[in-house]
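Dropping protein-v8.txt in here (compact mmCIF, C-alpha atoms):
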# COMPACT_ATOMS: atom_id res chain seq x y z
CA MET A 1 0.00 0.00 0.00
CA TYR A 2 1.25 3.46 -0.91
CA THR A 3 2.19 5.61 2.09
CA TRP A 4 1.63 9.33 1.64
CA SER A 5 4.38 11.64 2.84
CA PHE A 6 4.53 15.35 2.15
CA ALA A 7 7.72 15.94 4.15
CA PRO A 8 10.04 15.73 1.10
CA ILE A 9 7.67 17.96 -0.85
CA ILE A 10 7.70 20.62 1.86
CA GLN A 11 11.49 20.66 1.68
CA ALA A 12 11.20 21.50 -2.01
CA SER A 13 8.60 24.22 -1.49
CA ASP A 14 10.94 26.85 -2.96
CA LEU A 15 10.83 25.05 -6.31
CA PHE A 16 7.04 25.02 -6.31
CA LEU A 17 6.86 28.70 -5.39
CA TRP A 18 9.32 29.57 -8.14
CA GLY A 19 7.33 27.50 -10.64
CA ALA A 20 4.11 29.24 -9.57
CA TRP A 21 5.79 32.63 -10.05
CA ILE A 22 6.97 31.67 -13.55
CA THR A 23 3.46 30.45 -14.36
CA VAL A 24 1.96 33.77 -13.25
CA LEU A 25 4.51 35.69 -15.32
CA TYR A 26 3.73 33.71 -18.46
CA THR A 27 0.01 34.12 -17.84
CA VAL A 28 0.19 37.88 -17.33
CA GLY A 29 2.62 38.37 -20.23
CA SER A 30 0.64 36.29 -22.70
CA ILE A 31 -2.65 37.92 -21.66
CA ALA A 32 -1.20 41.42 -22.12
CA ILE A 33 0.23 40.62 -25.55
CA GLY A 34 -2.84 38.57 -26.49
CA LEU A 35 -5.17 41.46 -25.67
CA VAL A 36 -3.28 43.86 -27.93
CA LEU A 37 -3.05 41.37 -30.78
CA GLY A 38 -6.63 40.22 -30.21
CA LEU A 39 -7.96 43.76 -30.45
CA ALA A 40 -6.04 44.26 -33.70
CA VAL A 41 -7.43 41.00 -35.11
CA CYS A 42 -10.92 42.02 -34.01
CA PHE A 43 -10.69 45.36 -35.81
CA ALA A 44 -9.37 43.56 -38.88
CA ARG A 45 -12.41 41.27 -38.80
CA LEU A 46 -14.74 44.27 -38.52
CA SER A 47 -12.91 46.47 -41.01
CA GLY A 48 -14.85 45.36 -44.06
CA ILE A 49 -11.57 45.10 -46.03
CA GLY A 50 -11.67 41.70 -47.71
CA PRO A 51 -8.01 40.55 -47.56
CA LEU A 52 -7.58 41.91 -44.03
CA ASN A 53 -10.75 40.18 -42.91
CA TRP A 54 -9.70 36.89 -44.50
CA PHE A 55 -6.24 37.02 -42.95
CA ALA A 56 -7.63 37.76 -39.48
CA GLN A 57 -10.23 35.02 -39.78
CA GLY A 58 -7.61 32.56 -40.99
CA PHE A 59 -5.38 33.45 -38.05
CA GLN A 60 -8.23 32.83 -35.63
CA GLU A 61 -9.25 29.52 -37.14
CA LEU A 62 -5.64 28.29 -37.23
CA PHE A 63 -5.04 28.87 -33.54
CA ARG A 64 -8.53 28.00 -32.34
CA CYS A 65 -8.78 24.75 -34.30
CA THR A 66 -5.39 23.21 -33.48
CA PRO A 67 -4.24 21.95 -30.07
CA LEU A 68 -2.06 24.31 -28.07
CA LEU A 69 0.39 21.48 -27.38
CA VAL A 70 0.93 20.96 -31.11
CA GLN A 71 1.38 24.72 -31.59
CA LEU A 72 4.03 24.82 -28.86
CA LEU A 73 6.00 21.96 -30.35
CA TRP A 74 5.73 23.31 -33.90
CA ILE A 75 6.77 26.86 -33.02
CA TYR A 76 9.66 25.65 -30.86
CA TYR A 77 11.03 22.96 -33.18
CA ALA A 78 9.78 23.66 -36.72
CA LEU A 79 9.54 27.45 -36.97
CA PRO A 80 13.26 28.06 -36.27
CA LEU A 81 14.15 25.58 -39.02
CA LEU A 82 11.94 27.42 -41.49
CA LEU A 83 13.21 30.87 -40.54
CA GLY A 84 16.84 29.87 -40.04
CA PHE A 85 17.44 31.03 -36.47
CA ASP A 86 17.36 29.56 -32.98
CA MET A 87 14.51 30.37 -30.63
CA PRO A 88 14.91 29.92 -26.87
CA ASN A 89 12.24 27.90 -25.16
CA TRP A 90 10.97 30.84 -23.09
CA ALA A 91 10.41 32.91 -26.26
CA ALA A 92 8.65 30.05 -28.04
CA ALA A 93 6.40 29.53 -25.03
CA LEU A 94 5.49 33.21 -24.71
CA LEU A 95 4.94 33.60 -28.46
CA THR A 96 2.69 30.55 -28.68
CA LEU A 97 0.64 31.42 -25.61
CA SER A 98 0.22 35.01 -26.82
CA LEU A 99 -0.91 34.03 -30.33
CA TYR A 100 -3.26 31.42 -28.92
CA ALA A 101 -4.74 33.95 -26.48
CA ALA A 102 -5.08 36.57 -29.23
CA ALA A 103 -7.23 34.25 -31.34
CA PHE A 104 -9.72 33.80 -28.50
CA TYR A 105 -9.62 37.34 -27.16
CA ALA A 106 -10.32 38.61 -30.67
CA GLU A 107 -13.58 36.69 -30.64
CA VAL A 108 -14.42 38.01 -27.18
CA PHE A 109 -13.86 41.57 -28.41
CA ARG A 110 -15.80 40.97 -31.61
CA GLY A 111 -18.74 39.43 -29.77
CA GLY A 112 -18.87 42.34 -27.35
CA ILE A 113 -18.73 44.96 -30.10
CA VAL A 114 -21.33 43.40 -32.39
CA SER A 115 -23.68 43.02 -29.42
CA ILE A 116 -24.02 46.82 -29.21
CA ASP A 117 -27.04 48.17 -31.05
CA LYS A 118 -26.20 49.68 -34.45
CA GLY A 119 -28.11 52.77 -33.46
CA GLN A 120 -25.21 53.67 -31.18
CA PHE A 121 -22.93 53.92 -34.22
CA GLU A 122 -25.48 56.00 -36.09
CA ALA A 123 -26.02 58.33 -33.12
CA GLY A 124 -22.30 58.97 -32.82
CA ALA A 125 -21.96 59.65 -36.53
CA ALA A 126 -24.96 61.99 -36.40
CA ILE A 127 -23.20 64.30 -33.95
CA GLY A 128 -20.07 64.45 -36.08
CA MET A 129 -17.89 61.78 -34.49
CA SER A 130 -15.45 59.82 -36.62
CA GLY A 131 -15.66 56.05 -36.71
CA TRP A 132 -12.71 55.74 -34.32
CA GLN A 133 -14.23 58.27 -31.91
CA VAL A 134 -17.52 56.39 -31.88
CA MET A 135 -15.68 53.15 -31.21
CA ARG A 136 -13.47 54.58 -28.45
CA ARG A 137 -16.01 56.78 -26.65
CA ILE A 138 -19.31 54.98 -27.13
CA ILE A 139 -18.97 51.37 -28.29
CA LEU A 140 -15.93 50.01 -26.43
CA PRO A 141 -16.96 51.25 -22.95
CA GLN A 142 -20.27 49.41 -23.31
CA ALA A 143 -18.75 46.35 -24.98
CA ILE A 144 -16.04 45.91 -22.36
CA ARG A 145 -18.65 45.71 -19.63
CA ARG A 146 -20.47 42.96 -21.50
CA MET A 147 -17.33 40.98 -22.34
CA MET A 148 -15.83 40.95 -18.83
CA PRO A 149 -17.18 37.51 -17.78
CA ALA A 150 -15.93 35.94 -21.03
CA PHE A 151 -12.61 37.73 -20.67
CA ILE A 152 -12.09 36.46 -17.11
CA ASN A 153 -13.08 32.91 -18.06
CA GLN A 154 -10.68 32.95 -21.00
CA SER A 155 -7.93 34.29 -18.73
CA VAL A 156 -8.54 31.43 -16.30
CA THR A 157 -8.19 29.01 -19.20
CA GLN A 158 -5.01 30.80 -20.24
CA PHE A 159 -3.56 30.29 -16.76
CA LYS A 160 -4.24 26.57 -16.96
CA ASN A 161 -2.82 26.41 -20.49
CA THR A 162 0.58 27.50 -19.21
CA SER A 163 1.03 24.01 -17.77
CA LEU A 164 1.78 22.82 -21.32
CA VAL A 165 4.97 24.88 -21.63
CA SER A 166 6.68 22.26 -19.47
CA VAL A 167 6.94 20.04 -22.58
CA ILE A 168 9.62 22.39 -23.93
CA SER A 169 11.39 22.53 -20.55
CA VAL A 170 10.11 25.91 -19.39
CA ALA A 171 10.41 25.99 -15.59
CA ASP A 172 6.74 26.54 -14.81
CA LEU A 173 4.78 24.94 -11.99
CA THR A 174 4.19 21.64 -13.79
CA TYR A 175 7.83 21.36 -14.84
CA MET A 176 8.96 22.00 -11.25
CA ALA A 177 6.65 19.22 -10.09
CA SER A 178 8.43 16.81 -12.44
CA ILE A 179 11.78 17.98 -11.04
CA VAL A 180 10.60 17.42 -7.46
CA ASN A 181 9.17 14.06 -8.45
CA GLY A 182 12.54 13.03 -9.89
CA GLN A 183 14.26 14.00 -6.65
CA THR A 184 11.77 12.58 -4.15
CA TYR A 185 9.97 9.80 -6.10
CA ARG A 186 6.73 11.19 -4.75
CA PRO A 187 4.58 11.78 -7.86
CA LEU A 188 1.22 11.74 -6.09
CA GLU A 189 2.30 14.31 -3.53
CA SER A 190 4.07 16.46 -6.13
CA TYR A 191 1.09 16.73 -8.44
CA THR A 192 -1.32 17.09 -5.53
CA VAL A 193 0.58 20.21 -4.49
CA VAL A 194 0.39 21.46 -8.09
CA ALA A 195 -3.37 20.91 -8.17
CA VAL A 196 -3.80 22.74 -4.85
CA LEU A 197 -1.71 25.70 -6.01
CA TYR A 198 -3.68 25.99 -9.25
CA PHE A 199 -6.92 25.84 -7.30
CA VAL A 200 -5.81 28.46 -4.76
CA ILE A 201 -4.91 30.86 -7.56
CA LEU A 202 -7.82 30.17 -9.91
CA PHE A 203 -10.75 29.81 -7.51
CA PRO A 204 -10.83 33.53 -6.58
CA MET A 205 -10.70 34.42 -10.28
CA MET A 206 -13.68 32.18 -11.02
CA LYS A 207 -15.67 33.65 -8.14
CA PHE A 208 -14.84 37.13 -9.39
CA ALA A 209 -16.15 36.17 -12.85
CA ASP A 210 -19.36 34.90 -11.25
CA TYR A 211 -19.69 38.15 -9.31
CA ILE A 212 -19.22 40.27 -12.44
CA GLU A 213 -21.81 38.20 -14.30
CA TYR A 214 -24.23 38.54 -11.38
CA ARG A 215 -23.79 42.31 -11.30
CA MET A 216 -24.38 42.48 -15.04
CA ARG A 217 -27.61 40.50 -14.78
CA ARG A 218 -28.85 42.79 -12.01
CA GLY A 219 -27.86 45.83 -14.03
CA ASN A 220 -29.85 44.58 -17.00

Structure re-expressed in structure tokens:
Amino acid sequence: MYTWSFAPIIQASDLFLWGAWITVLYTVGSIAIGLVLGLAVCFARLSGIGPLNWFAQGFQELFRCTPLLVQLLWIYYALPLLLGFDMPNWAAALLTLSLYAAAFYAEVFRGGIVSIDKGQFEAGAAIGMSGWQVMRRIILPQAIRRMMPAFINQSVTQFKNTSLVSVISVADLTYMASIVNGQTYRPLESYTVVAVLYFVILFPMMKFADYIEYRMRRGN
């Protein structure tokens, strides 16, 4: 019978904390880059310019319809061969996570914007606003409020997705668990700690998303 023992795991707590910190950094970094790229892709989809629309839609479908694990491996191993330069694992991880996030955030932005009544656009134009002014002053403030629950849920998913960067030896939380497991031969305890840490970080985010959605329903 297996005997549980967390004593060796506690001794390696610094590795888990470091891995959690790296995971948070990749999450925040990829979300920040993904939001900027996602907004650009969203505007490309809404631009009405055929080639720009097709490119943006193709980008979205590529990253939404292929597994993130496959994207990580391809960008880390295959892309440098095609472009003729080496790419460090941290850069490949951040690039892949950011592009993947951008594809989904673009749809969140687009859904929020198209949910606003077209009369809002017409009202802004009627008082002499340019298209960008209408978008920035009237449409986006309303759309952002509506897209917050989806944005938070996607960000939670993004945090969990970072666990895949361990396959290219990025020292995130999951990778550190494999290191600790190799040192202590305690896989159940190692991955239990990982699960607890993910839960401790993500549960407040999920409750915050529920709260935002509740406030929105009451506001409507």

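Within the 8 Å cut-off around region 13-22 of chain A, using all atoms listed in the file and omitting residues fewer than 2 positions from it on the same chain, the listed residues are Ile9, Ile10, Gln11, Val24, Leu25, Tyr26, Ala171, Asp172, Leu173, Thr174, Tyr175, Met176, Ala177, Val180, Val194 and Leu197 of chain A.
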
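Across the model, the gap from CA of Gln60 (chain A) to CA of Phe109 (chain A) is 12.7 Å.
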
Closest contacts (region 115-220 of chain A/region 64-77 of chain A, max 8 Å, all atoms listed in the file) as a Markdown table:
| residue | atom | partner | partner_atom | distance |
| --- | --- | --- | --- | --- |
| A:Asn161 | CA | A:Leu68 | CA | 7.9 |
| A:Leu164 | CA | A:Leu69 | CA | 6.4 |
| A:Val165 | CA | A:Leu72 | CA | 7.3 |
| A:Ile168 | CA | A:Leu73 | CA | 7.4 |

Mind checking which residues fall within 9 Å of Met205 (chain A), counting all atoms listed in the file, ignoring those fewer than 2 positions away in the same chain, and posting them as a PDB file with C-alpha atoms, in the frame of the given file?
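File written: around_20.pdb
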ATOM      1  CA  ILE A 152     -12.090  36.460 -17.110  1.00  0.00           C
ATOM      2  CA  ASN A 153     -13.080  32.910 -18.060  1.00  0.00           C
ATOM      3  CA  SER A 155      -7.930  34.290 -18.730  1.00  0.00           C
ATOM      4  CA  VAL A 156      -8.540  31.430 -16.300  1.00  0.00           C
ATOM      5  CA  ILE A 201      -4.910  30.860  -7.560  1.00  0.00           C
ATOM      6  CA  LEU A 202      -7.820  30.170  -9.910  1.00  0.00           C
ATOM      7  CA  PHE A 203     -10.750  29.810  -7.510  1.00  0.00           C
ATOM      8  CA  LYS A 207     -15.670  33.650  -8.140  1.00  0.00           C
ATOM      9  CA  PHE A 208     -14.840  37.130  -9.390  1.00  0.00           C
ATOM     10  CA  ALA A 209     -16.150  36.170 -12.850  1.00  0.00           C
ATOM     11  CA  ASP A 210     -19.360  34.900 -11.250  1.00  0.00           C
TER      12      ASP A 210
END

Option closest in space to Tyr2 (chain A), from A:Met206, A:Arg186, A:Ile212, A:Val200 [counting all atoms listed in the file]:
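Distance minimum relative to Tyr2 (chain A) lands on A:Arg186.
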